[in-house]
Amino acid sequence: MTDKGDVLHTEICDLLGIKYPVIQAGMGYLARAELVSAVSNAGGLGVVGATFLPPDEVRQMIREVKDRTDKPYAVNIAFAQVPKSDDTKVREYTDEVREILDVIFEEEVPILSAALGNPAQAVDQAHSMGMKVIANVGNVRNAVRVAEGGVDIVVAQGHEAGGHTGKITSMVLLPLVVDAIEAPVLAAGGIADGRGLVAALALGASGVWMGTRFATTKEAFAHINYKNKIVEVNEEATIITRCYTGKTLRTIKNRFTEEWEGRESEILPFPQQIMKVGKDLFFSSRAEGNTEIGSTSAGQISGMIKKIKGAGEVVEDIMAEAREVLGKLRPK
């Protein structure tokens, strides 16, 4: 562990048992054992992206992570809910969510992470097993809600972020969330280097949750076309759309998103829309390199990413850059 007198050794480091306050986002399809273990072994926290994957595959990935690292890691899922059959005013997790939760508990995963939705119904069981729980939010209202539900850490994700994201920018959202809750906060959206880490800490965060930068690493489970597309585009290349999943999602503009322009009334709520579109189509950019049809989820920070690197190198670069920035801020 780093020296606790070090400003870059934050509350998150102690809470999660990690060396650096750098957490790799649990990106669906992309974040598998090779990436997760590489980040954790480098001193950050790797997070398995389990959303939309079958339980058996999630179990296999968890076991692969255990084989590759003895460091902490997390598993990230979307807590989709549907009305309870005997009481439409009460919502409960879908069967798919419950099946994945069963796997997570059976495999004794150290950290449970919610990509979407409120994990409150799972918090007590997680805590009884010694697990920490992280929840991702896009506004203050939901930050307060998940904090009241007992989560240990809240990710405040700004509008700039790739994948499912909200309407409030990181610079505004982060300090508001920090002021609204007592739980430690991670910053997400618009962060790709050490400057972003220092800025997040200055705004009250205890660390950073990064997706797009880790999506363009050698270990990310994605077709090279997907990674190259992110490296090639500038900060204006992405769009917010509900056409893939039914929730607002930032992805690089392509032919498929253009086809849905003006047809927003046809879009179903999550998760029905992704069932309508088809998971194979949604993941086709990642799986087959079809960036004109599949979702190339990426943040506006894509414009800063110029090279595909190893995940461990990314972690080390972030920390070195952060120390360089802090050195420049100190009076001579």
# chains A, B, ... in the order shown; residues from 1 in each chain; ligands from 1
>>> residues_around(residues="stretch 308-322 of chain A", least_positions_apart="2", cutoff="7 Å", atoms="only C-alpha atoms", output="list of chain:residue names")
A:Leu35, A:Ala38, A:Val39, A:Ala42, A:Gly44, A:Asp193, A:Gly194, A:Arg195, A:Leu197, A:Val198, A:Phe214, A:Thr216, A:Thr217, A:Lys218, A:Glu219, A:Glu324, A:Val325, A:Leu326
>>> residues_around(residues="A:Met129", least_positions_apart="2", cutoff="9 Å", atoms="only C-alpha atoms", output="list in words")
Phe105, Glu108, Pro110, Asp124, Gln125, Ala126, His127 and Met131 of chain A
>>> select_by_dssp(residues="stretch 19-147 of chain A", states="alpha helix (DSSP H)", output="NGL selection string")
:A and (33-41 or 55-68 or 95-106 or 120-128 or 140-147)
>>> select_by_dssp(residues="stretch 213-258 of chain A", states="strand (DSSP E or B)", output="list in words")
Thr217, Thr238, Ile239, Ile240, Thr241, Leu249, Arg250, Thr251 and Ile252 of chain A
>>> write_last_selection(atoms="N, CA and C atoms", output="short mmCIF file (atom, residue, chain, number, x, y, z; two decimals), in the first residue's frame")
data_model
loop_
_atom_site.label_atom_id
_atom_site.label_comp_id
_atom_site.auth_asym_id
_atom_site.auth_seq_id
_atom_site.Cartn_x
_atom_site.Cartn_y
_atom_site.Cartn_z
N THR A 217 -7.53 -0.42 -24.14
CA THR A 217 -6.30 -1.09 -23.70
C THR A 217 -6.17 -2.43 -24.42
N THR A 238 -19.35 11.69 -30.44
CA THR A 238 -20.34 10.86 -29.76
C THR A 238 -21.73 11.49 -29.75
N ILE A 239 -22.72 10.66 -29.43
CA ILE A 239 -24.12 11.10 -29.38
C ILE A 239 -24.80 10.41 -28.20
N ILE A 240 -25.79 11.06 -27.62
CA ILE A 240 -26.62 10.44 -26.59
C ILE A 240 -27.87 9.89 -27.27
N THR A 241 -28.14 8.61 -27.09
CA THR A 241 -29.30 7.99 -27.73
C THR A 241 -29.89 6.91 -26.82
N LEU A 249 -27.69 6.59 -23.60
CA LEU A 249 -26.38 5.96 -23.74
C LEU A 249 -25.52 6.79 -24.69
N ARG A 250 -24.29 7.06 -24.26
CA ARG A 250 -23.37 7.80 -25.13
C ARG A 250 -22.55 6.81 -25.94
N THR A 251 -22.61 6.97 -27.24
CA THR A 251 -21.90 6.09 -28.16
C THR A 251 -21.42 6.90 -29.35
N ILE A 252 -20.46 6.40 -30.07
CA ILE A 252 -19.99 7.09 -31.27
C ILE A 252 -21.07 7.00 -32.35
#
>>> closest_residue(among="A:Glu264, A:Lys132, A:Lys247, A:Tyr29", to="A:Lys279", atoms="only C-alpha atoms")
A:Tyr29
>>> residues_around(residues="A:Asn225", least_positions_apart="3", cutoff="6 Å", atoms="only C-alpha atoms", output="list in words")
Asn228, Lys229 and Gly289 of chain A
>>> write_last_selection(atoms="N, CA and C atoms", output="compact mmCIF listing (two decimals), in the first residue's frame")
# COMPACT_ATOMS: atom_id res chain seq x y z
N ASN A 228 -9.79 1.06 -32.23
CA ASN A 228 -9.25 2.04 -33.17
C ASN A 228 -10.23 3.17 -33.43
N LYS A 229 -11.52 2.86 -33.44
CA LYS A 229 -12.53 3.89 -33.68
C LYS A 229 -12.46 4.96 -32.60
N GLY A 289 -16.42 -5.97 -34.72
CA GLY A 289 -15.82 -4.79 -35.32
C GLY A 289 -16.74 -4.00 -36.21
>>> residues_around(residues="stretch 174-184 of chain A", least_positions_apart="2", cutoff="6 Å", atoms="only C-alpha atoms", output="list in words")
Val140, Ile153, Ala156, Ser170, Val172 and Leu203 of chain A
>>> write_last_selection(atoms="C-alpha atoms", output="compact mmCIF listing (two decimals), in the first residue's frame")
# COMPACT_ATOMS: atom_id res chain seq x y z
CA VAL A 140 -28.04 14.06 -6.62
CA ILE A 153 -19.44 3.97 -2.33
CA ALA A 156 -21.04 10.24 -9.62
CA SER A 170 -19.04 16.00 -14.04
CA VAL A 172 -21.25 20.26 -11.55
CA LEU A 203 -13.69 18.47 -6.16
>>> residues_around(residues="A:Cys243", least_positions_apart="5", cutoff="7 Å", atoms="only C-alpha atoms", output="number ranges by chain")
A: 257, 260, 267
>>> write_last_selection(atoms="N, CA and C atoms", output="mmCIF file, in the first residue's frame")
data_model
loop_
_atom_site.group_PDB
_atom_site.id
_atom_site.type_symbol
_atom_site.label_atom_id
_atom_site.label_comp_id
_atom_site.auth_asym_id
_atom_site.auth_seq_id
_atom_site.Cartn_x
_atom_site.Cartn_y
_atom_site.Cartn_z
ATOM 1 N N THR A 257 -27.458 4.752 -35.363
ATOM 2 C CA THR A 257 -28.029 5.857 -34.580
ATOM 3 C C THR A 257 -28.742 6.847 -35.497
ATOM 4 N N TRP A 260 -32.368 5.960 -36.290
ATOM 5 C CA TRP A 260 -33.348 6.155 -35.226
ATOM 6 C C TRP A 260 -33.666 7.620 -34.968
ATOM 7 N N ILE A 267 -39.092 3.976 -29.409
ATOM 8 C CA ILE A 267 -38.140 3.346 -28.499
ATOM 9 C C ILE A 267 -38.836 2.883 -27.222
#
>>> residues_around(residues="A:Arg32", least_positions_apart="6", cutoff="9 Å", atoms="only C-alpha atoms", output="ChimeraX atom specification")
/A:26,47-50,61-62,64-65,219-221
>>> closest_residue(among="A:Gly327, A:Gly163, A:Gly196, A:Gly138", to="A:Met27", atoms="only C-alpha atoms")
A:Gly163
>>> closest_residue(among="A:Ser113, A:Tyr244, A:Leu101, A:Asp56", to="A:Val75", atoms="only C-alpha atoms")
A:Ser113
>>> closest_residue(among="A:Val123, A:His223, A:Ala161, A:Leu173", to="A:Arg141", atoms="only C-alpha atoms")
A:Leu173
>>> closest_residue(among="A:Lys276, A:Lys84, A:Arg255, A:Lys71", to="A:Gly46", atoms="only C-alpha atoms")
A:Lys71
>>> residues_around(residues="A:Arg63", least_positions_apart="2", cutoff="12 Å", atoms="only C-alpha atoms", output="list in words")
Arg32, Ala33, Glu34, Val36, Ser37, Val48, Asp56, Glu57, Val58, Arg59, Gln60, Met61, Val65, Lys66, Asp67, Arg68, Thr69, Asp70, Tyr73, Val75, Val103, Ile104, Glu106, Glu107, Glu108 and Val109 of chain A
>>> write_last_selection(atoms="C-alpha atoms", output="compact mmCIF listing (two decimals), in the first residue's frame")
# COMPACT_ATOMS: atom_id res chain seq x y z
CA ARG A 32 -13.40 -9.58 -18.61
CA ALA A 33 -10.79 -11.51 -16.69
CA GLU A 34 -7.71 -10.35 -18.59
CA VAL A 36 -9.86 -6.91 -14.67
CA SER A 37 -6.86 -8.81 -13.36
CA VAL A 48 -16.02 -7.46 -14.30
CA ASP A 56 -22.56 -19.54 -16.28
CA GLU A 57 -20.35 -17.15 -18.22
CA VAL A 58 -20.23 -14.73 -15.28
CA ARG A 59 -19.20 -17.55 -12.96
CA GLN A 60 -16.45 -18.60 -15.37
CA MET A 61 -15.14 -15.02 -15.59
CA VAL A 65 -10.11 -13.47 -12.31
CA LYS A 66 -9.38 -15.44 -9.12
CA ASP A 67 -6.83 -17.50 -11.05
CA ARG A 68 -5.10 -14.37 -12.38
CA THR A 69 -4.95 -12.20 -9.26
CA ASP A 70 -5.15 -12.32 -5.49
CA TYR A 73 -11.91 -6.97 -7.78
CA VAL A 75 -18.49 -7.49 -10.47
CA VAL A 103 -23.55 -16.41 -8.73
CA ILE A 104 -21.89 -13.35 -7.17
CA GLU A 106 -21.90 -18.09 -4.26
CA GLU A 107 -18.48 -17.07 -5.59
CA GLU A 108 -17.96 -14.69 -2.65
CA VAL A 109 -17.02 -11.74 -4.84
>>> closest_residue(among="A:Thr248, A:Ala298, A:Ile224, A:Arg323", to="A:Gly162", atoms="only C-alpha atoms")
A:Ala298
>>> atom_distance(atom1="atom CA of A:Arg91", atom2="atom CA of A:Leu281")
28.6 Å
